[in-house]
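Enquirer: Quick one: this structure, given as structure tokens, is what I'll be asking you about.
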Amino acid sequence: MGLSRTVELLPLDRSLHGEALFSSPLASDETLIAEIGCGDSFELFCHRFQTDQLLVLRGAIDLVVLQNRRLRPIPLREGDGTWVRIPPGVPHGAINRGRIPALLVNAVLRHGPSDPRDYRPLPVPAGLRSQWRKLSLA
């Protein structure tokens with residue numbers, strides 16, 4: 001049975017104890033912190049053997065996934081408590097229209113060896129650039 005190619009939205013399991021907010025961890029093979037700068041990058045990433053599980057800690061982005069030849073935006077905001085799970089083979093990028101860089105945690109699931117090409121951005125295909133531009137101005 002192969003891995004699903006469906007992007008999933010998962011609620012953050014969290015609890016408040018006094019002034020401290022705790023969240024239940026997601027299973028992962030490694031945890032990364034990413035900062036998404038402000039501006040329009042026209043870049044996509046597509047991982048061969050890894051599932052990204054993203055949560056915005058600070059700021060806001062529109063995660064953009066390429067599915068069925070269309071760019072689908074998924075708004076992610078600080079404090080909204082939503083994980084996004086992006087399986088291998090799904091091209092994705094981010095648009096940050098805010099004034100501050102967005103800070104994300106990525107609880108990575110590995111399904112095979114890391115491939116250096118997974119971390120090299122790919123340009124948004126020319127036929128989708130106008131769609132990307134509209135999303136970045138929305």
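Within each chain, counting starts at residue 1; across the structure tokens, chains are named A, B, ... in the order shown, with ligands numbered 1 upward in that order.
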Quick check for you: according to DSSP on this backbone, which residues of chain A are classed as helix (DSSP H, G or I)? Reply as a list in words.

Expert: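 Checking each residue of chain A, the helix (DSSP H, G or I) ones are Pro116, Arg117, Asp118, Tyr119, Ala126, Gly127, Leu128, Arg129, Ser130, Gln131, Trp132, Arg133, Lys134, Leu135, Ser136 and Leu137 of chain A.
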
Enquirer: Residues near Leu66 of chain A, anyone? I mean within 7 Å using only C-alpha atoms, not counting same-chain ones fewer than 2 positions away, as a PyMOL selection string.

Expert: chain A and resi 64+68-72+90-92

Enquirer: Do you have the atom CA of Arg117 of chain A-atom CA of Phe45 of chain A distance handy?

Expert: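 According to the coordinates, atom CA of Arg117 of chain A and atom CA of Phe45 of chain A are separated by 9.0 Å.
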
Enquirer: Name the residues in contact with Arg48 of chain A at a cut-off of 10 Å, using only C-alpha atoms, excluding same-chain residues fewer than 6 positions from it; report them as an MDAnalysis selection string.

Expert: chainID A and resid 87:90 110:115 117:118

Enquirer: Would you pick out the contacts of Thr82 of chain A at 10 Å or less, using only C-alpha atoms, so that residues sharing its chain but fewer than 4 positions from it are not included, and give the list as a VMD selection string?

Expert: chain A and resid 8 to 13 54 to 56 75 to 78

Enquirer: For the residues selected in the previous step, produce a file with C-alpha atoms as a PDB file, in the first residue's frame.

Expert:
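Full text of again_29.pdb as output:
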ATOM      1  CA  GLU A   8      -4.330  16.863   5.467  1.00  0.00           C
ATOM      2  CA  LEU A   9      -5.300  19.521   8.011  1.00  0.00           C
ATOM      3  CA  LEU A  10      -4.964  18.299  11.601  1.00  0.00           C
ATOM      4  CA  PRO A  11      -6.115  20.144  14.729  1.00  0.00           C
ATOM      5  CA  LEU A  12      -3.421  20.865  17.296  1.00  0.00           C
ATOM      6  CA  ASP A  13      -4.016  18.841  20.445  1.00  0.00           C
ATOM      7  CA  LEU A  54       3.931  22.154   9.368  1.00  0.00           C
ATOM      8  CA  LEU A  55       2.651  24.422  12.129  1.00  0.00           C
ATOM      9  CA  VAL A  56       2.985  28.230  12.124  1.00  0.00           C
ATOM     10  CA  PRO A  75      -4.075  29.948   5.058  1.00  0.00           C
ATOM     11  CA  LEU A  76      -2.028  29.271   8.200  1.00  0.00           C
ATOM     12  CA  ARG A  77      -1.916  31.793  11.019  1.00  0.00           C
ATOM     13  CA  GLU A  78      -0.173  32.064  14.347  1.00  0.00           C
TER      14      GLU A  78
END

Enquirer: Please determine, counting only C-alpha atoms, which residue among A:Gly37, A:Ser23, A:Asp29, A:Val105 has the shortest atom-to-atom distance to Leu57 of chain A.

Expert: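 Of all the options, A:Val105 lies closest to Leu57 of chain A.
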
Enquirer: Show which residues sit within 9 Å of Leu32 of chain A, as a PyMOL selection string. Count only C-alpha atoms, and ignore same-chain residues fewer than 6 positions away.

Expert: chain A and resi 104-108

Enquirer: As number ranges by chain, please: every residue in segment 27-80 of chain A that DSSP puts in strand (DSSP E).

Expert: A: 30-36, 43-44, 50-58, 60-67, 70-77

Enquirer: Please produce a file of those selected residues containing C-alpha atoms, as a PDB file, in the first residue's frame.

Expert:
ATOM      1  CA  GLU A  30      13.287  14.919  12.990  1.00  0.00           C
ATOM      2  CA  THR A  31      12.067  18.399  13.828  1.00  0.00           C
ATOM      3  CA  LEU A  32      13.095  21.459  11.843  1.00  0.00           C
ATOM      4  CA  ILE A  33      12.446  25.164  12.296  1.00  0.00           C
ATOM      5  CA  ALA A  34      11.866  27.216   9.152  1.00  0.00           C
ATOM      6  CA  GLU A  35      11.546  30.953   8.639  1.00  0.00           C
ATOM      7  CA  ILE A  36       9.521  32.194   5.666  1.00  0.00           C
ATOM      8  CA  GLU A  43       9.300  28.715  -5.530  1.00  0.00           C
ATOM      9  CA  LEU A  44       8.006  25.218  -4.907  1.00  0.00           C
ATOM     10  CA  GLN A  50       9.500  12.785   3.286  1.00  0.00           C
ATOM     11  CA  THR A  51       6.224  14.037   4.696  1.00  0.00           C
ATOM     12  CA  ASP A  52       6.249  17.624   5.965  1.00  0.00           C
ATOM     13  CA  GLN A  53       4.067  18.368   8.985  1.00  0.00           C
ATOM     14  CA  LEU A  54       3.931  22.154   9.368  1.00  0.00           C
ATOM     15  CA  LEU A  55       2.651  24.422  12.129  1.00  0.00           C
ATOM     16  CA  VAL A  56       2.985  28.230  12.124  1.00  0.00           C
ATOM     17  CA  LEU A  57       4.402  29.486  15.428  1.00  0.00           C
ATOM     18  CA  ARG A  58       4.716  33.184  14.532  1.00  0.00           C
ATOM     19  CA  ALA A  60       1.116  34.012   8.871  1.00  0.00           C
ATOM     20  CA  ILE A  61       1.530  32.384   5.476  1.00  0.00           C
ATOM     21  CA  ASP A  62      -0.550  30.983   2.709  1.00  0.00           C
ATOM     22  CA  LEU A  63       0.804  27.513   2.099  1.00  0.00           C
ATOM     23  CA  VAL A  64       0.338  26.802  -1.602  1.00  0.00           C
ATOM     24  CA  VAL A  65       0.079  23.234  -2.877  1.00  0.00           C
ATOM     25  CA  LEU A  66       0.004  22.173  -6.517  1.00  0.00           C
ATOM     26  CA  GLN A  67      -2.784  19.637  -7.066  1.00  0.00           C
ATOM     27  CA  ARG A  70      -4.046  24.163  -9.852  1.00  0.00           C
ATOM     28  CA  LEU A  71      -2.465  26.091  -7.007  1.00  0.00           C
ATOM     29  CA  ARG A  72      -4.464  25.621  -3.799  1.00  0.00           C
ATOM     30  CA  PRO A  73      -3.850  28.113  -0.971  1.00  0.00           C
ATOM     31  CA  ILE A  74      -4.122  26.981   2.639  1.00  0.00           C
ATOM     32  CA  PRO A  75      -4.075  29.948   5.058  1.00  0.00           C
ATOM     33  CA  LEU A  76      -2.028  29.271   8.200  1.00  0.00           C
ATOM     34  CA  ARG A  77      -1.916  31.793  11.019  1.00  0.00           C
TER      35      ARG A  77
END

Enquirer: For a quick check of understanding, using only C-alpha atoms, which of A:Leu26, A:Cys46, A:Val7, A:Leu135 has the smallest distance to Pro123 of chain A?

Expert: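 Looking only at the distances to Pro123 of chain A, the closest residue turns out to be A:Cys46.
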
Enquirer: Pick the closest to Val124 of chain A from A:Leu109, A:Phe42, A:Leu103, A:Leu137: which is it, counting only C-alpha atoms?

Expert: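 Going through A:Leu109, A:Phe42, A:Leu103, A:Leu137 one by one, the smallest distance to Val124 of chain A is for A:Phe42.
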
Enquirer: Kindly indicate which residue among A:Ser41, A:Asp80, A:Arg133, A:Leu21 lies nearest to Gly93 of chain A, using only C-alpha atoms for the distances.

Expert: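 With only C-alpha atoms as the atom set, the closest residue is A:Ser41.
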
Enquirer: Quick one: pull the distance between atom CA of Ile95 of chain A and atom CA of Gln131 of chain A, Å, one decimal.

Expert: 12.5 Å

Enquirer: Between atom CA of Pro116 of chain A and atom CA of Ser28 of chain A, what is the distance, to one decimal in Å?

Expert: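 Those two atoms sit 19.4 Å apart.
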
Enquirer: Would you mind telling me which residue in A:Gly79, A:Gly127, A:Gly18, A:Pro121 lies nearest to Ala94 of chain A when using only C-alpha atoms?

Expert: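 Checking each candidate against Ala94 of chain A, we get A:Pro121 as the closest.
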